[in-house]
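Containing mmCIF, C-alpha atoms: query.cif.
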```cif
data_protein
#
loop_
_atom_site.label_atom_id
_atom_site.label_comp_id
_atom_site.auth_asym_id
_atom_site.auth_seq_id
_atom_site.Cartn_x
_atom_site.Cartn_y
_atom_site.Cartn_z
CA MET A 1 104.90 44.48 106.10
CA VAL A 2 103.11 46.29 108.90
CA ARG A 3 100.96 44.04 111.07
CA SER A 4 97.63 45.57 112.02
CA ILE A 5 96.82 45.72 115.71
CA THR A 6 93.93 43.47 116.63
CA LYS A 7 90.88 44.34 118.65
CA ASP A 8 91.99 41.85 121.31
CA GLU A 9 95.35 43.58 121.66
CA VAL A 10 93.74 46.99 121.98
CA ALA A 11 91.28 45.62 124.55
CA GLN A 12 94.18 44.27 126.60
CA HIS A 13 96.03 47.58 126.31
CA LEU A 14 92.95 49.48 127.53
CA ALA A 15 92.30 47.08 130.41
CA ASP A 16 95.92 47.24 131.58
CA ALA A 17 95.96 51.04 131.34
CA HIS A 18 92.80 51.33 133.42
CA LEU A 19 93.99 48.88 136.04
CA GLN A 20 97.26 50.73 136.37
CA ALA A 21 95.68 54.19 136.50
CA GLU A 22 92.92 53.61 139.06
CA PRO A 23 93.58 51.69 142.29
CA GLY A 24 89.83 51.28 142.80
CA ILE A 25 89.62 48.93 139.78
CA SER A 26 90.08 45.31 140.82
CA THR A 27 89.13 43.36 137.69
CA VAL A 28 88.41 43.98 134.01
CA PHE A 29 86.35 41.65 131.83
CA ARG A 30 85.53 41.69 128.14
CA LEU A 31 81.85 42.01 127.26
CA LEU A 32 80.85 40.23 124.08
CA ALA A 33 78.05 40.76 121.61
CA ALA A 34 76.54 37.92 119.59
CA LYS A 35 79.29 36.09 117.67
CA ARG A 36 78.79 37.54 114.18
CA ARG A 37 78.27 41.04 115.53
CA GLU A 38 81.31 40.85 117.81
CA ALA A 39 83.49 39.97 114.83
CA ALA A 40 82.39 43.03 112.82
CA ALA A 41 85.11 45.64 112.39
CA ASP A 42 82.90 48.46 113.62
CA GLU A 43 81.73 46.63 116.74
CA PRO A 44 83.30 48.46 119.68
CA ILE A 45 85.57 46.86 122.25
CA LYS A 46 83.47 46.44 125.39
CA LEU A 47 84.99 46.25 128.87
CA LEU A 48 83.32 45.70 132.23
CA GLU A 49 85.34 47.07 135.12
CA VAL A 50 84.79 46.40 138.80
CA ASN A 51 85.64 49.70 140.42
CA GLU A 52 85.24 50.56 144.09
CA ASN A 53 85.68 54.25 143.31
CA THR A 54 82.90 54.73 140.77
CA VAL A 55 79.30 55.82 141.33
CA GLU A 56 76.42 53.35 141.39
CA ARG A 57 74.18 53.66 138.39
CA GLY A 58 73.64 50.06 137.29
CA VAL A 59 74.98 49.16 133.87
CA GLN A 60 75.68 52.45 132.11
CA PRO A 61 77.80 52.03 128.96
CA ILE A 62 80.09 54.97 128.14
CA GLN A 63 81.11 55.24 124.50
CA PHE A 64 84.50 56.39 123.20
CA GLY A 65 85.79 56.90 119.70
CA PRO A 66 89.19 55.60 118.54
CA HIS A 67 92.27 57.51 119.77
CA ALA A 68 95.22 56.57 117.61
CA ALA A 69 97.69 58.71 119.59
CA SER A 70 97.26 56.39 122.57
CA GLY A 71 97.11 53.17 120.56
CA ILE A 72 93.34 52.81 120.64
CA PHE A 73 92.40 52.08 117.05
CA TYR A 74 88.82 50.98 117.68
CA SER A 75 85.76 52.46 119.29
CA SER A 76 85.25 51.27 122.84
CA ILE A 77 82.55 51.05 125.44
CA ILE A 78 83.39 51.02 129.13
CA VAL A 79 80.93 49.81 131.76
CA ASP A 80 82.26 50.35 135.25
CA VAL A 81 80.36 49.03 138.22
CA THR A 82 80.95 48.84 141.95
CA PRO A 83 81.72 45.43 143.53
CA ARG A 84 78.11 45.35 144.82
CA GLU A 85 76.73 45.92 141.32
CA PHE A 86 79.10 43.29 139.95
CA GLU A 87 77.65 40.74 142.35
CA LEU A 88 74.17 41.62 141.04
CA ILE A 89 75.38 41.04 137.47
CA ARG A 90 76.86 37.68 138.47
CA LYS A 91 73.58 36.69 140.10
CA LYS A 92 71.73 37.87 136.98
CA LYS A 93 69.81 40.44 138.99
CA LEU A 94 71.33 43.22 136.92
CA ALA A 95 71.14 42.71 133.15
CA LEU A 96 73.66 43.59 130.48
CA PRO A 97 72.20 45.52 127.52
CA ASP A 98 71.94 44.58 123.84
CA GLY A 99 72.30 40.84 124.40
CA TRP A 100 75.88 41.25 125.65
CA ARG A 101 77.41 38.45 127.70
CA MET A 102 80.36 38.27 130.05
CA GLY A 103 83.61 37.46 128.29
CA PRO A 104 86.99 36.49 129.68
CA ARG A 105 88.78 38.33 132.49
CA VAL A 106 91.51 40.40 130.85
CA ALA A 107 93.11 42.09 133.84
CA GLY A 108 93.10 42.07 137.62
CA ALA A 109 92.08 39.63 140.32
CA LYS A 110 90.16 36.43 139.59
CA ASN A 111 87.19 36.94 141.87
CA GLY A 112 86.74 40.65 141.31
CA VAL A 113 88.13 41.53 144.73
CA LYS A 114 91.68 42.73 145.27
CA MET B 115 61.72 88.37 132.72
CA ALA B 116 63.05 84.83 132.45
CA SER B 117 63.45 83.04 135.76
CA ASN B 118 66.60 81.29 136.95
CA ASP B 119 64.71 78.00 136.72
CA GLN B 120 64.01 78.61 133.03
CA TRP B 121 67.71 79.32 132.40
CA ARG B 122 68.75 76.25 134.44
CA ARG B 123 66.50 73.90 132.50
CA ALA B 124 67.42 75.42 129.12
CA PHE B 125 71.16 75.04 129.79
CA ALA B 126 70.60 71.47 131.00
CA ARG B 127 68.56 70.70 127.88
CA GLN B 128 71.37 71.97 125.65
CA ALA B 129 73.97 70.08 127.70
CA LYS B 130 72.04 66.86 127.10
CA ALA B 131 71.82 67.52 123.35
CA ASP B 132 75.58 68.22 123.20
CA LEU B 133 76.43 65.10 125.20
CA ASP B 134 74.15 62.91 123.07
CA THR B 135 75.96 64.22 119.98
CA ARG B 136 79.35 63.31 121.52
CA THR B 137 78.03 59.79 122.07
CA PHE B 138 76.69 59.58 118.52
CA LEU B 139 80.12 60.61 117.20
CA SER B 140 81.81 57.80 119.16
CA LEU B 141 80.17 54.82 117.49
CA LYS B 142 79.87 53.05 114.16
CA GLU B 143 80.61 55.09 111.03
CA ALA B 144 80.56 58.39 112.94
CA ALA B 145 83.52 57.25 115.05
CA ARG B 146 85.72 57.90 111.99
CA ARG B 147 85.16 61.62 112.42
CA PRO B 148 88.11 63.51 113.93
CA GLU B 149 88.49 63.41 117.71
CA CYS B 150 88.20 67.22 117.85
CA HIS B 151 84.46 66.95 117.22
CA ARG B 152 83.86 64.53 120.10
CA LEU B 153 85.94 66.76 122.36
CA GLN B 154 84.14 69.89 121.21
CA PHE B 155 80.74 68.47 122.07
CA LEU B 156 82.11 67.24 125.40
CA GLN B 157 83.44 70.73 126.17
CA MET B 158 80.12 72.29 125.21
CA ALA B 159 78.14 69.79 127.31
CA CYS B 160 80.34 70.46 130.34
CA GLU B 161 80.05 74.22 129.93
CA LYS B 162 76.26 74.12 129.71
CA LEU B 163 75.99 71.73 132.65
CA VAL B 164 78.08 74.12 134.74
CA LYS B 165 75.89 77.03 133.65
CA ALA B 166 72.77 75.11 134.65
CA HIS B 167 74.45 74.65 138.04
CA LEU B 168 75.26 78.37 138.29
CA PHE B 169 71.57 79.19 137.89
CA THR B 170 70.82 77.20 141.06
CA LEU B 171 73.11 79.36 143.20
CA PRO B 172 71.57 81.91 145.60
CA ALA B 173 73.44 84.71 143.79
CA VAL B 174 73.76 83.92 140.08
CA PRO B 175 76.98 85.49 138.75
CA ASP B 176 76.51 88.19 136.05
CA TRP B 177 78.78 86.31 133.67
CA SER B 178 76.85 83.04 133.90
CA THR B 179 75.53 83.13 130.35
CA THR B 180 78.62 84.52 128.66
CA SER B 181 81.85 83.24 130.22
CA HIS B 182 83.49 80.10 128.79
CA ALA B 183 86.02 79.69 131.62
CA VAL B 184 83.70 77.98 134.06
CA ILE B 185 84.45 74.28 133.75
CA ALA B 186 87.73 74.02 135.69
CA LYS B 187 86.26 75.66 138.77
CA HIS B 188 82.74 74.25 138.85
CA LEU B 189 82.74 70.81 137.17
CA PRO B 190 84.79 69.23 140.02
CA VAL B 191 82.25 70.66 142.49
CA ILE B 192 79.36 69.05 140.59
CA VAL B 193 81.18 65.72 140.22
CA GLY B 194 82.26 65.72 143.89
CA GLU B 195 78.78 66.55 145.13
CA TYR B 196 77.14 63.92 142.95
CA TYR B 197 79.70 61.34 144.11
CA ARG B 198 79.11 62.17 147.79
CA ARG B 199 75.36 61.77 147.48
CA ASN B 200 75.63 58.60 145.39
CA ARG B 201 78.23 56.77 147.48
CA GLY B 202 77.61 58.31 150.91
CA ARG B 203 81.24 59.33 151.25
CA VAL B 204 83.51 62.03 149.88
CA ILE B 205 85.16 61.48 146.54
CA PRO B 206 88.68 59.98 147.01
CA ALA B 207 91.38 62.66 146.91
CA HIS B 208 93.27 61.12 143.99
CA VAL B 209 90.04 60.93 141.96
CA LEU B 210 89.14 64.56 142.68
CA LYS B 211 92.65 65.67 141.78
CA ARG B 212 92.37 63.97 138.39
CA VAL B 213 88.84 65.33 137.86
CA ARG B 214 90.22 68.85 138.43
CA SER B 215 93.04 68.28 135.99
CA LEU B 216 90.74 66.87 133.30
CA ALA B 217 88.20 69.65 133.86
CA ARG B 218 90.92 72.21 133.14
CA GLU B 219 91.98 70.31 130.00
CA ILE B 220 88.36 70.26 128.83
CA GLU B 221 87.92 73.97 129.54
CA LEU B 222 91.00 74.77 127.45
CA LEU B 223 89.38 73.10 124.42
CA ASN B 224 87.32 76.26 123.92
CA PRO B 225 89.18 78.68 121.62
CA ALA B 226 88.19 81.59 123.88
CA VAL B 227 90.12 80.05 126.79
CA ASP B 228 93.83 80.01 126.02
CA ASN B 229 95.58 80.38 129.37
CA ALA B 230 96.77 83.93 128.57
CA GLY B 231 98.02 82.88 125.15
CA GLN B 232 100.01 79.93 126.49
CA GLN B 233 97.58 77.28 125.23
CA PRO B 234 96.43 77.90 121.66
CA VAL B 235 95.34 74.28 121.06
CA ASN B 236 91.56 74.15 120.79
CA CYS B 237 88.77 72.17 119.12
CA GLU B 238 87.58 74.70 116.57
CA TYR B 239 90.20 76.92 114.96
CA PRO B 240 93.70 76.34 113.56
CA TRP B 241 96.70 77.50 115.60
CA ILE B 242 100.43 77.98 115.09
CA ALA B 243 102.53 75.16 116.54
CA PRO B 244 105.97 75.81 118.13
CA ASP B 245 107.60 74.66 114.84
CA ASP B 246 105.60 77.33 112.91
CA ARG B 247 103.22 74.86 111.29
CA VAL B 248 99.57 75.87 111.18
CA VAL B 249 97.63 72.99 112.69
CA ALA B 250 93.94 72.24 112.11
CA PRO B 251 92.10 70.73 115.09
CA ALA B 252 90.95 67.89 112.80
CA ASP B 253 94.60 66.87 112.29
CA HIS B 254 95.67 67.10 115.94
CA SER B 255 96.13 63.84 117.86
CA TRP B 256 95.13 65.15 121.32
CA PRO B 257 97.79 63.18 123.21
CA ASN B 258 96.81 64.69 126.57
CA LEU B 259 93.13 63.87 126.27
CA SER B 260 92.72 60.13 125.81
CA LEU B 261 89.49 59.84 127.74
CA ALA B 262 89.01 56.19 126.78
CA GLN B 263 92.30 55.38 128.46
CA ASP B 264 91.55 57.32 131.63
CA PRO B 265 89.14 55.81 134.20
CA ILE B 266 88.46 59.29 135.56
CA GLY B 267 87.37 60.43 132.09
CA ASN B 268 84.96 57.53 132.22
CA LEU B 269 83.72 58.65 135.65
CA ILE B 270 83.11 62.20 134.42
CA LEU B 271 81.22 60.88 131.40
CA LYS B 272 79.18 58.62 133.68
CA ILE B 273 78.20 61.43 136.04
CA LEU B 274 77.48 64.06 133.35
CA PRO B 275 74.13 62.63 132.13
CA MET B 276 72.95 61.97 135.68
CA ALA B 277 73.79 65.50 136.78
CA ILE B 278 72.12 66.90 133.65
CA GLU B 279 68.95 64.93 134.44
CA GLU B 280 68.87 66.51 137.91
CA PHE B 281 69.10 70.00 136.46
CA LEU B 282 66.30 69.22 134.00
CA ARG B 283 63.82 68.62 136.82
#
```

Translate this structure into structure tokens?
Amino acid sequence: MVRSITKDEVAQHLADAHLQAEPGISTVFRLLAAKRREAAADEPIKLLEVNENTVERGVQPIQFGPHAASGIFYSSIIVDVTPREFELIRKKKLALPDGWRMGPRVAGAKNGVK
Amino acid sequence: MASNDQWRRAFARQAKADLDTRTFLSLKEAARRPECHRLQFLQMACEKLVKAHLFTLPAVPDWSTTSHAVIAKHLPVIVGEYYRRNRGRVIPAHVLKRVRSLAREIELLNPAVDNAGQQPVNCEYPWIAPDDRVVAPADHSWPNLSLAQDPIGNLILKILPMAIEEFLR
């Protein structure tokens, strides 16, 4: 019997791939929608990345479709922010959209700084 | 006669519509559509953004409205310039290198750009694979273009709408 790959596993795969590919990324967190919505099959994986090498534009979600060839079987949304913007999110001076909340850290350093 | 400003804004307007369609195709039910469609709208958005940029140059090239092979050369310039103004420093070399590489991959998605026949894979029309199979873009897995897995793909997609907004002004 073939076991289906879970959303959590794909999220981890994505976070690890990003962390490995871009030295500017220090930490990757999950972003979570409201409980029932997050559990829906068509709810995208959402990652927040702290990236020294990105541009500053506040919280700007970028949407991606699934890409089976690279093991990404779900839609995903990536929000990458600079360390300065991340601090604003932590202090609740920069809001996450759509009622999203910070989820667990899935890759990288604990405090968002390498 | 139409002014360069009119052309710039019209190309930026179309780039925005193409990019919005790529986003629409990435979520919910629409995300089940083949990847070739998302890539096609990305390629079209990049091409029109570059053309909007070309109409801001002091000497607008004759081929600005017709050539498809414009992304590899000009998209990295737009991304690098936007990055410099946004962060107050030049774009890191490794990031620019990857932007250039991805820009070329995106440019090659157009069927009219085939690297002198060496790269038949494109988003619109079937091609003959090395094993003589005829492959439809809808069935291709696009192993070299996993933008979700590439932080630089994310950066390009983050800068595109901001650059388009500037050219709409």

Wanna dump the chain B-chain A contacts at 7 Å for me, each residue with its shortest atom pair and the distance in Å to one decimal, counting all atoms listed in the file, ordered by chain and number, as a tab-separated table?
```
residue	atom	partner	partner_atom	distance
B:Thr137	CA	A:Gln63	CA	6.0
B:Ser140	CA	A:Gly65	CA	4.1
B:Leu141	CA	A:Ser75	CA	6.3
B:Lys142	CA	A:Asp42	CA	5.5
B:Ala145	CA	A:Gly65	CA	5.2
B:Tyr197	CA	A:Val55	CA	6.2
B:Asn200	CA	A:Val55	CA	6.1
B:Arg201	CA	A:Val55	CA	6.3
B:Ser255	CA	A:Ala69	CA	5.6
B:Pro257	CA	A:Ala69	CA	5.8
B:Ser260	CA	A:His67	CA	6.6
B:Ala262	CA	A:Phe64	CA	5.8
B:Gln263	CA	A:Leu14	CA	6.0
B:Asp264	CA	A:His18	CA	6.4
B:Pro265	CA	A:His18	CA	5.8
B:Asn268	CA	A:Ile62	CA	6.8
B:Leu269	CA	A:Thr54	CA	6.5
B:Leu271	CA	A:Ile62	CA	6.8
B:Lys272	CA	A:Ile62	CA	6.7
```

Taking every listed atom of stretch 116-134 of chain B and adding 6 Å to each side, what centre and edge lengths in Å (one decimal) does the axis-aligned box have, as JSON?
```
{"center_x": 69.7, "center_y": 73.9, "center_z": 130.0, "size_x": 25.4, "size_y": 33.9, "size_z": 25.9}
```

Quick one: pull the distance between atom CA of B:Lys130 and atom CA of B:Ala116, Å, one decimal.
20.8 Å

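If you look at atom CA of B:Thr135 and atom CA of B:Lys162, they are 13.9 Å away from each other.
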
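Here atom CA of B:Asp132 stands at a distance of 16.6 Å from atom CA of B:Ala217.
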
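Distances to B:Phe155 were evaluated for B:Arg198, B:Ile220, B:Thr180, B:Val174 using all atoms listed in the file, and the minimum falls at B:Ile220.
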
Protein, DNA and RNA residues within 9 Å of (90.5, 41.2, 134.5), only C-alpha atoms, as a PDB file with C-alpha atoms, keeping the file's coordinate frame:
```
ATOM      1  CA  ALA A  15      92.300  47.080 130.410  1.00  0.00           C
ATOM      2  CA  ASP A  16      95.920  47.240 131.580  1.00  0.00           C
ATOM      3  CA  LEU A  19      93.990  48.880 136.040  1.00  0.00           C
ATOM      4  CA  SER A  26      90.080  45.310 140.820  1.00  0.00           C
ATOM      5  CA  THR A  27      89.130  43.360 137.690  1.00  0.00           C
ATOM      6  CA  VAL A  28      88.410  43.980 134.010  1.00  0.00           C
ATOM      7  CA  PHE A  29      86.350  41.650 131.830  1.00  0.00           C
ATOM      8  CA  ARG A  30      85.530  41.690 128.140  1.00  0.00           C
ATOM      9  CA  LEU A  48      83.320  45.700 132.230  1.00  0.00           C
ATOM     10  CA  GLU A  49      85.340  47.070 135.120  1.00  0.00           C
ATOM     11  CA  VAL A  50      84.790  46.400 138.800  1.00  0.00           C
ATOM     12  CA  PRO A 104      86.990  36.490 129.680  1.00  0.00           C
ATOM     13  CA  ARG A 105      88.780  38.330 132.490  1.00  0.00           C
ATOM     14  CA  VAL A 106      91.510  40.400 130.850  1.00  0.00           C
ATOM     15  CA  ALA A 107      93.110  42.090 133.840  1.00  0.00           C
ATOM     16  CA  GLY A 108      93.100  42.070 137.620  1.00  0.00           C
ATOM     17  CA  ALA A 109      92.080  39.630 140.320  1.00  0.00           C
ATOM     18  CA  LYS A 110      90.160  36.430 139.590  1.00  0.00           C
ATOM     19  CA  GLY A 112      86.740  40.650 141.310  1.00  0.00           C
TER      20      GLY A 112
END
```

Which of B:Ala207, B:Ala186, B:Ala173, B:Met158 sits closest to B:Asn118 [using all atoms listed in the file]
B:Ala173

Which residues, protein or nucleic acid, reach to within 7 Å of (92.9, 78.4, 121.8) in the file's coordinates when using all atoms listed in the file, and can you give that as a list in words?
Leu222, Leu223, Asn224, Pro225, Ala226, Val227, Asp228, Gln233, Pro234, Val235 and Asn236 of chain B

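Take the PyMOL selection byres ((chain B and resi 193-196) around 8) and apply it to this file: it picks Leu189, Pro190, Val191, Ile192, Tyr197, Arg198, Arg199, Asn200, Val204, Ile205, Leu210, Ile270, Ile273, Leu274 and Ala277 of chain B.
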